[in-house]
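Source file: input.txt (compact mmCIF, C-alpha atoms)
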# COMPACT_ATOMS: atom_id res chain seq x y z
CA CYS A 825 -40.10 7.21 41.53
CA ILE A 826 -37.94 8.19 44.48
CA TRP A 827 -38.88 5.26 46.67
CA GLY A 828 -40.01 2.42 44.44
CA MET A 829 -36.65 0.94 43.43
CA ALA A 830 -34.97 1.35 46.80
CA TRP A 831 -34.66 -2.20 48.01
CA SER A 832 -34.52 -4.01 44.67
CA LEU A 833 -31.69 -1.92 43.26
CA ARG A 834 -29.86 -0.47 46.15
CA PHE A 835 -27.70 -2.97 47.84
CA LEU A 836 -26.80 -6.30 49.26
CA LEU A 837 -25.64 -5.86 52.81
CA VAL A 838 -24.20 -9.09 54.13
CA LEU A 839 -24.04 -9.28 57.91
CA CYS A 840 -21.68 -12.09 58.72
CA ALA A 841 -22.21 -11.33 62.42
CA VAL A 842 -24.06 -8.80 64.53
CA LEU A 843 -22.29 -9.00 67.83
CA ALA A 844 -21.35 -6.87 70.82
CA GLY A 845 -18.86 -4.08 71.02
CA CYS A 846 -17.59 -1.00 69.24
CA SER A 847 -15.93 2.13 70.55
CA ALA A 848 -16.20 5.80 69.71
CA TRP A 849 -14.83 6.90 66.36
CA HIS A 850 -12.29 9.59 65.62
CA GLU A 851 -11.50 11.15 62.22
CA ASP A 852 -7.97 9.72 62.23
CA ASP A 853 -9.42 6.19 62.43
CA LEU A 854 -11.02 6.31 58.98
CA GLY A 855 -7.93 4.91 57.25
CA LEU A 856 -8.40 7.01 54.11
CA ASP A 857 -4.64 7.01 53.57
CA ASP A 858 -4.26 3.23 53.71
CA PRO A 859 -2.37 1.58 50.83
CA VAL A 860 -4.36 0.79 47.73
CA ASP A 861 -5.06 -2.83 46.89
CA THR A 862 -4.15 -3.21 43.23
CA SER A 863 -4.43 -6.97 42.95
CA GLY A 864 -6.87 -8.78 40.71
CA ASP A 865 -8.36 -8.07 37.31
CA ARG A 866 -8.31 -4.54 35.97
CA VAL A 867 -11.28 -2.56 34.75
CA GLU A 868 -10.62 0.91 33.34
CA GLU A 869 -12.79 3.94 33.87
CA LYS A 870 -12.55 7.61 33.00
CA ASN A 871 -12.86 9.69 36.14
CA SER A 872 -14.18 13.23 36.42
CA HIS A 873 -10.76 14.65 35.53
CA GLY A 874 -10.64 12.71 32.26
CA SER A 875 -7.69 10.45 33.15
CA ARG A 876 -7.72 6.67 32.93
CA ARG A 877 -8.15 4.81 36.19
CA LEU A 878 -8.22 1.12 36.99
CA LEU A 879 -11.28 0.04 38.91
CA SER A 880 -9.13 -2.04 41.23
CA GLU A 881 -7.20 1.09 42.22
CA TRP A 882 -10.28 2.41 43.98
CA ALA A 883 -10.15 -0.48 46.41
CA GLN A 884 -8.50 -0.38 49.80
CA PRO A 885 -7.74 -3.31 52.04
CA THR A 886 -10.73 -4.23 54.16
CA ALA A 887 -11.10 -1.41 56.66
CA THR A 888 -10.92 -2.17 60.38
CA TYR A 889 -12.27 0.30 62.94
CA PRO A 890 -11.45 0.48 66.65
CA THR A 891 -13.75 -1.37 69.00
CA GLY A 892 -14.71 -1.36 72.65
CA GLY A 893 -17.16 -2.89 75.06
CA ALA A 894 -20.45 -1.21 74.17
CA PRO A 895 -23.12 -2.95 72.07
CA LEU A 896 -22.72 -2.36 68.34
CA THR A 897 -25.45 -0.09 67.02
CA PHE A 898 -25.85 1.81 63.76
CA VAL A 899 -28.46 3.65 61.73
CA ALA A 900 -29.25 2.99 58.08
CA PHE A 901 -31.28 4.90 55.51
CA GLY A 902 -31.60 5.32 51.75
CA ASP A 903 -33.24 7.45 49.07
CA TRP A 904 -32.23 10.55 50.98
CA GLY A 905 -30.61 12.79 48.35
CA CYS A 906 -32.89 15.85 48.28
CA GLY A 907 -31.40 19.31 48.71
CA ALA A 908 -33.15 22.64 48.49
CA ASP A 909 -33.83 22.50 44.75
CA ASN A 910 -32.75 19.22 43.16
CA CYS A 911 -35.90 17.21 43.99
CA ARG A 912 -38.59 19.43 42.57
CA LEU A 913 -41.18 17.68 40.46
CA PRO A 914 -41.88 19.07 36.99
CA ASP A 915 -45.24 20.54 38.04
CA GLN A 916 -44.04 22.18 41.27
CA ASP A 917 -43.65 25.94 41.75
CA PRO A 918 -39.92 26.67 41.32
CA HIS A 919 -40.19 29.57 43.79
CA ALA A 920 -41.89 27.63 46.59
CA ALA A 921 -40.10 25.65 49.26
CA SER A 922 -39.40 22.10 48.17
CA PRO A 923 -41.55 19.63 50.16
CA ALA A 924 -38.98 16.90 49.60
CA ALA A 925 -36.23 19.05 51.10
CA LEU A 926 -38.38 19.89 54.11
CA HIS A 927 -39.09 16.20 54.66
CA ALA A 928 -35.39 15.39 54.34
CA ASP A 929 -34.59 17.98 57.02
CA MET A 930 -37.15 16.35 59.32
CA VAL A 931 -35.66 12.91 58.68
CA ALA A 932 -32.18 14.22 59.49
CA GLY A 933 -33.39 15.59 62.80
CA GLU A 934 -35.13 12.39 63.82
CA MET A 935 -32.21 10.30 62.66
CA ALA A 936 -29.84 12.35 64.81
CA LYS A 937 -32.09 11.77 67.83
CA ALA A 938 -32.18 8.03 67.18
CA ALA A 939 -28.41 7.84 66.65
CA GLY A 940 -27.78 9.74 69.86
CA SER A 941 -30.20 7.64 71.89
CA ALA A 942 -28.72 4.39 70.59
CA ASP A 943 -25.11 5.61 70.70
CA ALA A 944 -24.76 4.66 67.02
CA LYS A 945 -21.24 3.87 65.87
CA PHE A 946 -21.79 4.45 62.15
CA VAL A 947 -24.35 5.31 59.49
CA VAL A 948 -25.09 3.10 56.47
CA ALA A 949 -26.18 5.25 53.51
CA LEU A 950 -27.96 2.89 51.12
CA GLY A 951 -27.85 4.88 47.90
CA ASP A 952 -29.71 7.49 45.89
CA ASN A 953 -27.54 9.91 47.79
CA PHE A 954 -28.23 12.71 45.27
CA TYR A 955 -31.31 13.16 43.10
CA TRP A 956 -32.12 13.15 40.22
CA ARG A 957 -28.77 12.69 38.50
CA GLY A 958 -26.20 12.28 41.22
CA VAL A 959 -23.42 14.85 41.44
CA THR A 960 -21.32 16.35 38.67
CA SER A 961 -18.04 16.32 40.60
CA GLU A 962 -16.58 16.07 44.09
CA HIS A 963 -17.09 19.85 44.32
CA ASP A 964 -20.75 19.90 43.30
CA PRO A 965 -22.84 22.34 45.45
CA LEU A 966 -25.15 19.42 46.28
CA TRP A 967 -22.52 18.15 48.71
CA LYS A 968 -23.32 21.14 50.89
CA SER A 969 -27.10 21.29 50.57
CA VAL A 970 -27.82 17.56 50.69
CA TYR A 971 -25.16 16.29 53.08
CA GLU A 972 -22.65 18.61 54.76
CA ASP A 973 -25.01 21.38 55.90
CA ARG A 974 -27.85 19.02 56.84
CA PHE A 975 -26.21 16.32 58.95
CA THR A 976 -24.35 18.56 61.39
CA GLN A 977 -25.63 17.04 64.62
CA PRO A 978 -22.97 15.67 67.02
CA SER A 979 -24.50 12.19 67.01
CA LEU A 980 -23.96 11.95 63.23
CA GLN A 981 -20.26 12.87 63.30
CA ILE A 982 -19.43 9.19 62.86
CA PRO A 983 -18.36 7.16 59.82
CA TRP A 984 -20.86 6.99 56.96
CA PHE A 985 -20.53 3.68 55.11
CA VAL A 986 -21.81 4.52 51.64
CA LEU A 987 -22.94 2.71 48.53
CA LEU A 988 -24.49 4.02 45.32
CA GLY A 989 -27.99 3.83 43.86
CA ASN A 990 -29.28 4.16 40.33
CA HIS A 991 -29.78 7.93 40.66
CA ASP A 992 -26.13 8.27 41.70
CA HIS A 993 -25.11 6.39 38.57
CA TYR A 994 -27.25 8.68 36.40
CA GLY A 995 -24.67 11.36 37.22
CA ASN A 996 -20.94 11.15 37.88
CA ALA A 997 -20.75 8.11 40.13
CA ALA A 998 -16.96 8.24 40.33
CA ALA A 999 -17.18 11.71 41.87
CA GLN A 1000 -18.60 10.22 45.06
CA LEU A 1001 -15.51 8.01 45.35
CA LEU A 1002 -13.27 10.99 44.63
CA TYR A 1003 -15.03 12.94 47.37
CA ALA A 1004 -14.14 10.19 49.83
CA GLN A 1005 -10.52 10.27 48.69
CA SER A 1006 -10.33 14.07 48.90
CA GLY A 1007 -10.97 14.13 52.64
CA GLN A 1008 -13.39 17.05 52.37
CA ASP A 1009 -15.57 15.25 54.89
CA LYS A 1010 -13.85 12.30 56.49
CA ARG A 1011 -17.12 10.75 57.55
CA TRP A 1012 -17.80 9.71 53.93
CA VAL A 1013 -16.41 6.18 53.47
CA LEU A 1014 -16.69 4.89 49.91
CA PRO A 1015 -13.40 3.30 48.80
CA ASN A 1016 -14.91 1.51 45.81
CA TYR A 1017 -18.23 0.82 44.09
CA PHE A 1018 -18.25 -2.46 46.04
CA TRP A 1019 -16.34 -2.93 49.25
CA SER A 1020 -16.16 -4.59 52.63
CA THR A 1021 -15.39 -3.56 56.18
CA GLU A 1022 -14.56 -5.63 59.23
CA GLN A 1023 -14.86 -4.71 62.88
CA HIS A 1024 -13.17 -6.69 65.61
CA LEU A 1025 -15.56 -6.69 68.50
CA ALA A 1026 -14.81 -6.82 72.19
CA PRO A 1027 -15.06 -8.68 74.42
CA GLY A 1028 -14.01 -11.96 72.87
CA GLY A 1029 -12.40 -10.72 69.67
CA ARG A 1030 -15.29 -11.71 67.45
CA VAL A 1031 -15.59 -10.17 63.97
CA LEU A 1032 -18.40 -8.38 62.20
CA GLN A 1033 -18.05 -8.11 58.42
CA LEU A 1034 -20.20 -5.87 56.26
CA VAL A 1035 -20.11 -6.45 52.51
CA PHE A 1036 -21.54 -3.79 50.21
CA ILE A 1037 -22.22 -4.39 46.52
CA ASP A 1038 -23.39 -2.17 43.69
CA THR A 1039 -26.47 -3.83 42.19
CA VAL A 1040 -26.84 -1.12 39.54
CA MET A 1041 -23.82 -2.70 37.87
CA LEU A 1042 -25.50 -6.08 38.02
CA ASP A 1043 -28.78 -5.15 36.32
CA GLU A 1044 -28.19 -2.64 33.54
CA ALA A 1045 -31.65 -3.07 32.02
CA VAL A 1046 -33.61 -2.21 35.16
CA SER A 1047 -31.63 0.95 35.84
CA ARG A 1048 -31.86 2.05 32.20
CA ALA A 1049 -35.62 1.54 32.27
CA GLY A 1050 -35.78 3.69 35.39
CA LEU A 1051 -33.89 6.45 33.62
CA LEU A 1052 -36.24 6.30 30.63
CA GLU A 1053 -39.13 6.68 33.05
CA LYS A 1054 -37.54 9.80 34.57
CA ILE A 1055 -36.94 11.27 31.12
CA GLU A 1056 -40.53 10.62 30.08
CA SER A 1057 -41.86 12.24 33.26
CA GLY A 1058 -39.64 15.29 32.82
CA HIS A 1059 -37.50 14.77 35.89
CA VAL A 1060 -34.30 14.68 33.82
CA GLY A 1061 -33.36 15.79 30.32
CA THR A 1062 -32.91 13.53 27.32
CA GLU A 1063 -29.14 14.05 27.37
CA ALA A 1064 -28.99 11.81 30.45
CA LEU A 1065 -29.60 8.73 28.33
CA ALA A 1066 -26.52 9.30 26.17
CA GLN A 1067 -24.37 9.74 29.26
CA TRP A 1068 -25.78 6.57 30.78
CA ASP A 1069 -25.25 4.51 27.64
CA ALA A 1070 -21.67 5.75 27.33
CA GLY A 1071 -20.85 3.99 30.60
CA ALA A 1072 -22.53 0.68 29.78
CA VAL A 1073 -19.34 -1.20 28.86
CA PHE A 1074 -17.60 -0.07 32.04
CA ARG A 1075 -20.54 -1.09 34.24
CA ARG A 1076 -20.81 -4.50 32.58
CA ARG A 1077 -17.11 -5.25 33.06
CA ALA A 1078 -17.16 -3.84 36.58
CA GLY A 1079 -20.17 -6.00 37.37
CA GLU A 1080 -18.27 -9.10 36.28
CA GLU A 1081 -15.30 -8.12 38.42
CA GLN A 1082 -17.65 -7.41 41.31
CA LEU A 1083 -19.15 -10.91 41.25
CA GLN A 1084 -15.68 -12.46 41.24
CA TRP A 1085 -14.67 -10.24 44.13
CA LEU A 1086 -17.85 -11.04 46.08
CA GLU A 1087 -17.35 -14.77 45.71
CA GLY A 1088 -13.81 -14.43 46.99
CA VAL A 1089 -14.79 -12.23 49.93
CA LEU A 1090 -17.53 -14.58 51.10
CA PHE A 1091 -15.41 -17.69 50.55
CA THR A 1092 -12.46 -16.36 52.54
CA SER A 1093 -14.37 -14.52 55.26
CA LYS A 1094 -13.30 -15.35 58.80
CA ALA A 1095 -16.08 -13.31 60.36
CA ASP A 1096 -18.31 -14.80 62.99
If you convert what's in this file into structure tokens, what do you get?
Amino acid sequence: CIWGMAWSLRFLLVLCAVLAGCSAWHEDDLGLDDPVDTSGDRVEEKNSHGSRRLLSEWAQPTATYPTGGAPLTFVAFGDWGCGADNCRLPDQDPHAASPAALHADMVAGEMAKAAGSADAKFVVALGDNFYWRGVTSEHDPLWKSVYEDRFTQPSLQIPWFVLLGNHDHYGNAAAQLLYAQSGQDKRWVLPNYFWSTEQHLAPGGRVLQLVFIDTVMLDEAVSRAGLLEKIESGHVGTEALAQWDAGAVFRRRAGEEQLQWLEGVLFTSKAD
């Protein structure tokens, strides 16, 4: 289902501190052109262009964003990836308006109000960014209908800290990283499948660290069972299973690298 696996599969968000202070964001502050961290073990993947890429080459140094004196606030949501047509259920009229898309539009409006009222400094997008099978590439039309054309409100023109859900992995998961690299929308921050960001907070210079992990890579069986359920219910075609299974070795190796990385990040964290 859309909602049932949200919290068990989506993420681990480690808040090493929730303190005071963060300033307004500007596009140039996203650091998308920072040097790539190529240290550590290597895990290879085939990206959407067919070339070989090392998993570690996705990673950037921990991103630091400018801070100020206001309280740190942010909005977070997940399971949000419904555009005009991609969330229809098998028994729904293909010519009628999609209820899921209408609900998503309503959520976007209310979220913008909340972000504006709270002066949110960033959005945390918790996965299942695109139903039912993610995106096909960084140029997929779903980028427009699900994200770019929906979240246009001024209060949401802030960084979006993103991680992936199982439905994102049912498609081309790497394309969401490539989209971040392309700069098509500089709000979209997803330097790797698992990543961390620090913010130095004023006054006092204290540090907030957010650590995002990809739990789909850590529990292959659960996500595969979810895909079989979607195939049986007619939400996705049978060809999705072959595509999923083709990436199993990569996800297993990436999951192992992720756990090593996570241990190191938590062990060396200087956050408050």
For this session: Determine the nearest neighbour of A:Phe898 from the options A:Leu1086, A:Met935, A:Met1041, A:Val1073, counting all atoms listed in the file.
Result: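 Smallest separation from A:Phe898 among the options: A:Met935.
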For this session: Considering only C-alpha atoms, return as a PyMOL selection string whatever protein or nucleic-acid residues lie within 9 Å of A:Leu980, sequence-local ones (same chain, fewer than 3 positions apart) excluded.
Result: chain A and resi 935-936+939-940+944-947+975-977+983-984+1011
Exercise. Which of these residues is nearest to A:Asn990, using all atoms listed in the file: A:Gln1023, A:Ser969, A:Ser1047, A:Ser961?
Worked result: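 With all atoms listed in the file as the atom set, the closest residue is A:Ser1047.
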Exercise. Looking at all atoms listed in the file, which of A:Leu913, A:Met930, A:Leu1014, A:Val1035 is the one that sits closest to A:Ser1093?
Worked result: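 The closest residue to A:Ser1093 is A:Val1035.
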Exercise. With only C-alpha atoms as the basis for distance, which of A:Asp903, A:Leu1042, A:Asp1096, A:Pro918 is at the shortest distance from A:Asp992?
Worked result: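 Once distances to A:Asp992 are computed over only C-alpha atoms, the minimum belongs to A:Asp903.
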Seminar exercise, completed: In Å and to one decimal, atom CA of A:Gly1088 is distant from atom CA of A:Val1040 by 20.1 Å
Problem set entry | Distance of atom CA of A:Ala998 from atom CA of A:Arg912, expressed in Å to one decimal place | 24.5 Å
Got a sec: who's within 10 Å of A:Tyr955, counting only C-alpha atoms, leaving out chain neighbours fewer than 3 positions off, as a short mmCIF file (atom, residue, chain, number, x, y, z; two decimals) with C-alpha atoms, in the frame of the given file?
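around-v3.cif, freshly written:
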data_model
loop_
_atom_site.label_atom_id
_atom_site.label_comp_id
_atom_site.auth_asym_id
_atom_site.auth_seq_id
_atom_site.Cartn_x
_atom_site.Cartn_y
_atom_site.Cartn_z
CA ILE A 826 -37.94 8.19 44.48
CA ASP A 903 -33.24 7.45 49.07
CA TRP A 904 -32.23 10.55 50.98
CA GLY A 905 -30.61 12.79 48.35
CA CYS A 906 -32.89 15.85 48.28
CA GLY A 907 -31.40 19.31 48.71
CA ASP A 909 -33.83 22.50 44.75
CA ASN A 910 -32.75 19.22 43.16
CA CYS A 911 -35.90 17.21 43.99
CA ARG A 912 -38.59 19.43 42.57
CA ASP A 952 -29.71 7.49 45.89
CA GLY A 958 -26.20 12.28 41.22
CA VAL A 959 -23.42 14.85 41.44
CA LEU A 966 -25.15 19.42 46.28
CA VAL A 970 -27.82 17.56 50.69
CA GLY A 989 -27.99 3.83 43.86
CA ASN A 990 -29.28 4.16 40.33
CA HIS A 991 -29.78 7.93 40.66
CA ASP A 992 -26.13 8.27 41.70
CA TYR A 994 -27.25 8.68 36.40
CA GLY A 995 -24.67 11.36 37.22
CA HIS A 1059 -37.50 14.77 35.89
CA VAL A 1060 -34.30 14.68 33.82
#
Once all heavy atoms are restored for stretch 962-973 of chain A, what would the output be as a tab-separated table (two decimals), in the frame of the given file?
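Full text of result.tsv as output:
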chain	number	residue	atom	x	y	z
A	962	GLU	N	-16.76	16.08	42.64
A	962	GLU	CA	-16.58	16.07	44.09
A	962	GLU	C	-16.72	17.47	44.69
A	962	GLU	O	-16.69	17.62	45.93
A	962	GLU	CB	-15.22	15.46	44.47
A	962	GLU	CG	-14.01	16.24	44.01
A	962	GLU	CD	-13.52	15.82	42.63
A	962	GLU	OE1	-14.36	15.52	41.76
A	962	GLU	OE2	-12.29	15.78	42.44
A	963	HIS	N	-16.90	18.48	43.85
A	963	HIS	CA	-17.09	19.85	44.32
A	963	HIS	C	-18.50	20.36	44.02
A	963	HIS	O	-18.76	21.55	44.17
A	963	HIS	CB	-16.05	20.76	43.67
A	963	HIS	CG	-14.64	20.30	43.86
A	963	HIS	ND1	-14.04	20.25	45.10
A	963	HIS	CD2	-13.72	19.83	42.97
A	963	HIS	CE1	-12.79	19.78	44.96
A	963	HIS	NE2	-12.59	19.53	43.69
A	964	ASP	N	-19.39	19.51	43.61
A	964	ASP	CA	-20.75	19.90	43.30
A	964	ASP	C	-21.40	20.59	44.51
A	964	ASP	O	-21.24	20.13	45.64
A	964	ASP	CB	-21.56	18.65	42.91
A	964	ASP	CG	-22.90	18.97	42.26
A	964	ASP	OD1	-23.68	19.73	42.86
A	964	ASP	OD2	-23.17	18.44	41.17
A	965	PRO	N	-22.16	21.68	44.32
A	965	PRO	CA	-22.84	22.34	45.45
A	965	PRO	C	-23.80	21.42	46.21
A	965	PRO	O	-24.12	21.69	47.38
A	965	PRO	CB	-23.60	23.49	44.78
A	965	PRO	CG	-22.84	23.78	43.53
A	965	PRO	CD	-22.31	22.46	43.07
A	966	LEU	N	-24.25	20.34	45.58
A	966	LEU	CA	-25.15	19.42	46.28
A	966	LEU	C	-24.49	18.79	47.50
A	966	LEU	O	-25.20	18.36	48.43
A	966	LEU	CB	-25.64	18.33	45.32
A	966	LEU	CG	-26.64	18.77	44.26
A	966	LEU	CD1	-26.98	17.60	43.34
A	966	LEU	CD2	-27.92	19.33	44.89
A	967	TRP	N	-23.17	18.69	47.52
A	967	TRP	CA	-22.52	18.15	48.71
A	967	TRP	C	-22.88	18.96	49.95
A	967	TRP	O	-23.05	18.41	51.04
A	967	TRP	CB	-21.01	18.12	48.52
A	967	TRP	CG	-20.54	17.05	47.59
A	967	TRP	CD1	-20.07	17.23	46.31
A	967	TRP	CD2	-20.49	15.65	47.83
A	967	TRP	NE1	-19.73	16.02	45.75
A	967	TRP	CE2	-19.98	15.03	46.67
A	967	TRP	CE3	-20.82	14.86	48.93
A	967	TRP	CZ2	-19.80	13.65	46.57
A	967	TRP	CZ3	-20.64	13.48	48.84
A	967	TRP	CH2	-20.14	12.89	47.67
A	968	LYS	N	-22.98	20.26	49.76
A	968	LYS	CA	-23.32	21.14	50.89
A	968	LYS	C	-24.80	21.02	51.25
A	968	LYS	O	-25.14	20.80	52.41
A	968	LYS	CB	-22.98	22.60	50.53
A	968	LYS	CG	-21.50	22.85	50.30
A	968	LYS	CD	-20.71	22.85	51.59
A	968	LYS	CE	-20.99	24.08	52.44
A	968	LYS	NZ	-20.19	24.10	53.68
A	969	SER	N	-25.67	21.19	50.27
A	969	SER	CA	-27.10	21.29	50.57
A	969	SER	C	-27.72	19.96	50.97
A	969	SER	O	-28.66	19.93	51.78
A	969	SER	CB	-27.85	21.89	49.38
A	969	SER	OG	-27.77	21.04	48.24
A	970	VAL	N	-27.23	18.87	50.41
A	970	VAL	CA	-27.82	17.56	50.69
A	970	VAL	C	-27.18	16.90	51.91
A	970	VAL	O	-27.87	16.25	52.71
A	970	VAL	CB	-27.70	16.64	49.46
A	970	VAL	CG1	-28.15	15.23	49.78
A	970	VAL	CG2	-28.51	17.20	48.30
A	971	TYR	N	-25.90	17.09	52.09
A	971	TYR	CA	-25.16	16.29	53.08
A	971	TYR	C	-24.47	17.15	54.15
A	971	TYR	O	-24.85	17.10	55.33
A	971	TYR	CB	-24.14	15.43	52.34
A	971	TYR	CG	-23.16	14.69	53.20
A	971	TYR	CD1	-23.59	13.79	54.17
A	971	TYR	CD2	-21.79	14.89	53.04
A	971	TYR	CE1	-22.67	13.11	54.97
A	971	TYR	CE2	-20.87	14.20	53.83
A	971	TYR	CZ	-21.31	13.32	54.79
A	971	TYR	OH	-20.42	12.64	55.58
A	972	GLU	N	-23.50	17.95	53.77
A	972	GLU	CA	-22.65	18.61	54.76
A	972	GLU	C	-23.42	19.56	55.67
A	972	GLU	O	-23.19	19.58	56.90
A	972	GLU	CB	-21.52	19.36	54.05
A	972	GLU	CG	-20.54	18.47	53.32
A	972	GLU	CD	-19.53	19.27	52.50
A	972	GLU	OE1	-19.53	20.51	52.59
A	972	GLU	OE2	-18.75	18.65	51.76
A	973	ASP	N	-24.30	20.38	55.11
A	973	ASP	CA	-25.01	21.38	55.90
A	973	ASP	C	-26.27	20.83	56.58
A	973	ASP	O	-26.89	21.53	57.39
A	973	ASP	CB	-25.41	22.57	55.03
A	973	ASP	CG	-24.21	23.38	54.57
A	973	ASP	OD1	-23.12	23.20	55.14
A	973	ASP	OD2	-24.36	24.20	53.64
